[in-house]
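> Here it is, the structure in full.
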Amino acid sequence: MKKKTQLIHGGIFGDETTGAVSTPIYQVSTYKQESVGKHKGFEYSRTGNPTRFALEELIKDLEGGERGFAFASGMAAITAVMMLFDKGDHIIMTDDVYGGTFRVITKVLNRFGLEATFVDTSDINNIKGEIRPETKAIYLETPTNPLLKISDIQAIAELAKNSGLLTIVDNTFSTPYWQNPLALGADIVLHSATKYIGGHSDVVAGLVVVNSEQLGEDLHFVQNSTGGVLGPQDSWLLIRGIKTLGVRMEETENNTAQIIAFLQKHPAVTKVFYPGLETHPNHEIAKKQASGFGGMVSFDVGSAEKADEVFSKVKYFTLAESLGAVESLISIPARMTHASIPQERRAELGITEGLIRISVGLEDAEDLIEDLANALK
Ligand SMILES: *Cc1c(COP(=O)(O)O)cnc(C)c1O
């Protein structure tokens with residue numbers, strides 16, 4: 001089955017009982033048992049719900065794994081995955097991970113004895129020196145947020161395997177339409193489904209897919225024990241969003257290519273960050289491991305004042321956190337998504353005060369370019 005077909009026919013198609021072509025919203029918490037313990041596969045909706053199950057089967061198929069899981073947010077998904085580890089375990093992580101991921105690791109999970117080292121994983125050599133006896137996993141985000149750095153999933157997963165470590169990949173920016181980390185050797189792939197997978201700025205959700213039955217059992221144990229599950233209504237919204245993920249990502253790619261060409265020529269833009277550019281340091285790896293580059297672009301206008309001027313003038317780019325929706329969004333990482341990262345650390349990472357991040361939406365590319373041209377004047 002090809003990708004676009006799988007988005008529509010993967011998982012569980014429609015409803016067996018009624019023939020409905022859309023999975024119904026099973027708005028229910030508990031299920032009648034014929035006799036004690038004898039039921040139709042569902043007992044209580046924290047443990048399992050048919051609408052959530054349809055979504056979990058779908059994301060499992062799209063990522064090519066053993067078992068899928070849906071959580072109440074991307075952060076709930078990431079936290080549940082971290083709960084696979086024990087006190088004293090150590091994880092090596094990409095240094096410019098999503099701000100919320102950095103926060104949960106360094107301010108919450110550290111209190112339970114989980115240790116982490118942050119390195120620039122776009123160079124595999126930075127990982128090698130950090131592996132210790134307690135190290136259990138390598139956690140990658142690729143492309144990263146907001147500098148669009150690329151890590152080599154296949155090479156790092158091989159290093160992890162040889163060292164007895166798990167490889168975990170946050171695949172939010174690429175989506176399962178462009179990139180499948182499990183096929184490249186990763187063990188766990190996760191998403192903030194709030195972004196491209198939902199696609200319409202109307203749902204907060206997280207998804208995880210694991211590549212083995214054992215990891216599936218372990219993660220289901222955590223999911224059922226800690227309870228951060230996605231509700232049936234939001235599960236349905238994601239199934240609906242996924243049906244158009246292919247056409248949305250293709251169109252995003254077209255719009256982005258045109259905007260990049262415009263930004264590169266503009267005198268007010270000092271630097272453009274995008275993995276699709278041949279000048280991107282890991283462009284070849286990006287091309288090898290993903291079939292598209294996505295709609296996230298960062299560019300530098302030199303100062304916070306200049307960035308503010310851009311924000312005050314744009315019409316179609318909405319100043320907002322988040323990304324991956326039909327509407328184009330614009331943000332300033334230093335003061336928004338990455339505000340929870342200390343300033344010295346932001347400077348180390350290269351997240352300057354004049355760095356603007358855009359999420360290219362599905363408006364007409366000509367309108368978007370005109371909007372940026374006017375704002376950058
Ligand atoms: C948004 C985001 C998250 C967190 O997801 P929520 O759904 O907001 O909880 C994690 N990773 C990345 C890359 C994100 O963009």
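Simple scheme: letters A, B, ... for chains in structure tokens order, numbers from 1 for residues in each chain, numbers from 1 for ligands in the order shown.
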Enumerate residues in contact with ligand 1: an atom-to-atom distance of at most 6 Å, counting only C-alpha atoms and all ligand atoms. Format the result as a list in words.
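The residues within 6 Å of ligand 1, counting only C-alpha atoms and all ligand atoms, are Ser73, Gly74, Met75, Tyr98, Thr172, Ser192, Thr194, Val204, Ala205 and Gly206 of chain A.
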> Per DSSP on the backbone, what are the strand (DSSP E or B) residues of segment 84-177 of chain A, as a ChimeraX atom specification?
/A:90-94,115-119,135-141,166-170
> Report as a PyMOL selection string all protein, DNA and RNA residues lying within 12 Å of Ile341 of chain A, evaluated on only C-alpha atoms, omitting residues in the same chain fewer than 2 positions from it.
chain A and resi 95-104+106-107+333-339+343-349+351
> Can you work out which one of A:Leu372, A:Ile156, A:Ala304, A:Leu84 has the shortest atom-to-atom distance to His266 of chain A, counting only C-alpha atoms?
A:Leu372
> Residues of segment 17-228 of chain A classed as alpha helix (DSSP H) by DSSP on the backbone are to be reported as a count of residues only.
60
> My list of candidates is A:Leu165, A:Leu215, A:Val314, A:Leu147. Which is closest to Ile369 of chain A when distances are computed with only C-alpha atoms?
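The answer is A:Val314, which sits nearest to Ile369 of chain A.
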> What's the 7 Å shell around Asp152 of chain A, counting only C-alpha atoms, without same-chain residues fewer than 2 positions away, as a list in words?
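The contact residues come out as Ser122, Ile150, Gln154, Ala155, Ile156 and Ile285 of chain A.
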> Measure the distance from atom CA of Gly65 of chain A to atom CA of Val210 of chain A in Å and round it to one decimal.
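That distance, rounded to one decimal, is 5.6 Å.
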> Skip segment 246-259 of chain A itself and residues of its chain fewer than 4 positions away, then list as a ChimeraX atom specification all residues within 10 Å of it, counting only C-alpha atoms.
/A:3-8,174-178,196-197,199,241-242,263-264,274,276-277,292-297,324-326,328,358-366,368-370,372
> Hey, can you check how far atom CA of Gly37 of chain A sits from atom CA of Trp236 of chain A?
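It comes out at 27.6 Å.
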> Name all residues at most 12 Å from Phe112 of chain A (count only C-alpha atoms; drop same-chain ones fewer than 5 positions away) and give them as an MDAnalysis selection string.
chainID A and resid 82:83 85:90 104:107
> Would you list the contacts of Phe69 of chain A as an mmCIF file with N, CA, C and O atoms, in the first residue's frame, taking every protein, DNA or RNA residue within 10 Å and counting only C-alpha atoms, but skipping same-chain residues closer than 5 positions in sequence?

data_model
loop_
_atom_site.group_PDB
_atom_site.id
_atom_site.type_symbol
_atom_site.label_atom_id
_atom_site.label_comp_id
_atom_site.auth_asym_id
_atom_site.auth_seq_id
_atom_site.Cartn_x
_atom_site.Cartn_y
_atom_site.Cartn_z
ATOM 1 N N ARG A 52 -10.027 5.444 20.171
ATOM 2 C CA ARG A 52 -8.588 5.624 20.389
ATOM 3 C C ARG A 52 -7.818 4.451 19.771
ATOM 4 O O ARG A 52 -6.765 4.644 19.152
ATOM 5 N N PHE A 53 -8.382 3.245 19.907
ATOM 6 C CA PHE A 53 -7.726 2.056 19.346
ATOM 7 C C PHE A 53 -7.599 2.171 17.820
ATOM 8 O O PHE A 53 -6.561 1.831 17.247
ATOM 9 N N LEU A 55 -7.286 4.869 16.102
ATOM 10 C CA LEU A 55 -6.190 5.817 15.866
ATOM 11 C C LEU A 55 -4.835 5.154 16.143
ATOM 12 O O LEU A 55 -3.872 5.321 15.378
ATOM 13 N N GLU A 56 -4.769 4.384 17.220
ATOM 14 C CA GLU A 56 -3.501 3.737 17.585
ATOM 15 C C GLU A 56 -3.080 2.703 16.536
ATOM 16 O O GLU A 56 -1.889 2.571 16.218
ATOM 17 N N GLU A 57 -4.054 2.012 15.973
ATOM 18 C CA GLU A 57 -3.752 1.062 14.894
ATOM 19 C C GLU A 57 -3.274 1.796 13.644
ATOM 20 O O GLU A 57 -2.374 1.339 12.938
ATOM 21 N N LEU A 58 -3.897 2.940 13.384
ATOM 22 C CA LEU A 58 -3.544 3.729 12.195
ATOM 23 C C LEU A 58 -2.111 4.262 12.296
ATOM 24 O O LEU A 58 -1.323 4.107 11.362
ATOM 25 N N ILE A 59 -1.762 4.863 13.431
ATOM 26 C CA ILE A 59 -0.405 5.423 13.549
ATOM 27 C C ILE A 59 0.630 4.291 13.569
ATOM 28 O O ILE A 59 1.723 4.426 13.032
ATOM 29 N N LYS A 60 0.245 3.144 14.130
ATOM 30 C CA LYS A 60 1.131 1.971 14.103
ATOM 31 C C LYS A 60 1.464 1.603 12.649
ATOM 32 O O LYS A 60 2.624 1.405 12.295
ATOM 33 N N ALA A 77 2.923 12.073 26.015
ATOM 34 C CA ALA A 77 3.535 10.950 25.291
ATOM 35 C C ALA A 77 5.018 10.827 25.658
ATOM 36 O O ALA A 77 5.515 9.732 25.960
ATOM 37 N N LEU A 190 7.899 9.106 18.298
ATOM 38 C CA LEU A 190 6.793 9.817 18.934
ATOM 39 C C LEU A 190 6.519 11.131 18.223
ATOM 40 O O LEU A 190 7.359 11.658 17.500
ATOM 41 N N GLY A 206 -0.750 13.495 21.585
ATOM 42 C CA GLY A 206 0.555 12.895 21.357
ATOM 43 C C GLY A 206 0.407 11.459 20.887
ATOM 44 O O GLY A 206 -0.558 10.779 21.267
ATOM 45 N N LEU A 207 1.337 10.995 20.043
ATOM 46 C CA LEU A 207 1.294 9.615 19.549
ATOM 47 C C LEU A 207 2.667 8.969 19.706
ATOM 48 O O LEU A 207 3.692 9.647 19.572
ATOM 49 N N VAL A 208 2.659 7.667 19.975
ATOM 50 C CA VAL A 208 3.908 6.912 20.089
ATOM 51 C C VAL A 208 3.739 5.604 19.324
ATOM 52 O O VAL A 208 2.668 5.000 19.361
ATOM 53 N N VAL A 209 4.808 5.162 18.653
ATOM 54 C CA VAL A 209 4.812 3.815 18.068
ATOM 55 C C VAL A 209 6.110 3.129 18.475
ATOM 56 O O VAL A 209 7.183 3.748 18.436
ATOM 57 N N VAL A 210 5.995 1.868 18.893
ATOM 58 C CA VAL A 210 7.169 1.106 19.307
ATOM 59 C C VAL A 210 7.382 -0.066 18.345
ATOM 60 O O VAL A 210 6.445 -0.497 17.665
ATOM 61 N N GLY A 216 5.834 -2.610 23.566
ATOM 62 C CA GLY A 216 4.391 -2.350 23.507
ATOM 63 C C GLY A 216 3.727 -2.678 24.826
ATOM 64 O O GLY A 216 2.929 -1.886 25.354
ATOM 65 N N LEU A 219 4.924 -0.115 27.496
ATOM 66 C CA LEU A 219 4.355 1.229 27.366
ATOM 67 C C LEU A 219 2.856 1.219 27.673
ATOM 68 O O LEU A 219 2.328 2.172 28.251
ATOM 69 N N HIS A 220 2.187 0.121 27.310
ATOM 70 C CA HIS A 220 0.761 0.052 27.664
ATOM 71 C C HIS A 220 0.585 0.005 29.173
ATOM 72 O O HIS A 220 -0.342 0.597 29.732
ATOM 73 N N GLN A 223 0.970 3.582 30.193
ATOM 74 C CA GLN A 223 -0.186 4.372 29.743
ATOM 75 C C GLN A 223 -1.403 4.106 30.626
ATOM 76 O O GLN A 223 -2.083 5.027 31.078
ATOM 77 N N VAL A 229 -4.300 9.421 28.764
ATOM 78 C CA VAL A 229 -4.815 8.956 27.460
ATOM 79 C C VAL A 229 -5.546 10.062 26.693
ATOM 80 O O VAL A 229 -6.021 11.036 27.268
ATOM 81 N N LEU A 230 -5.668 9.862 25.386
ATOM 82 C CA LEU A 230 -6.410 10.787 24.536
ATOM 83 C C LEU A 230 -7.892 10.388 24.535
ATOM 84 O O LEU A 230 -8.222 9.210 24.420
#
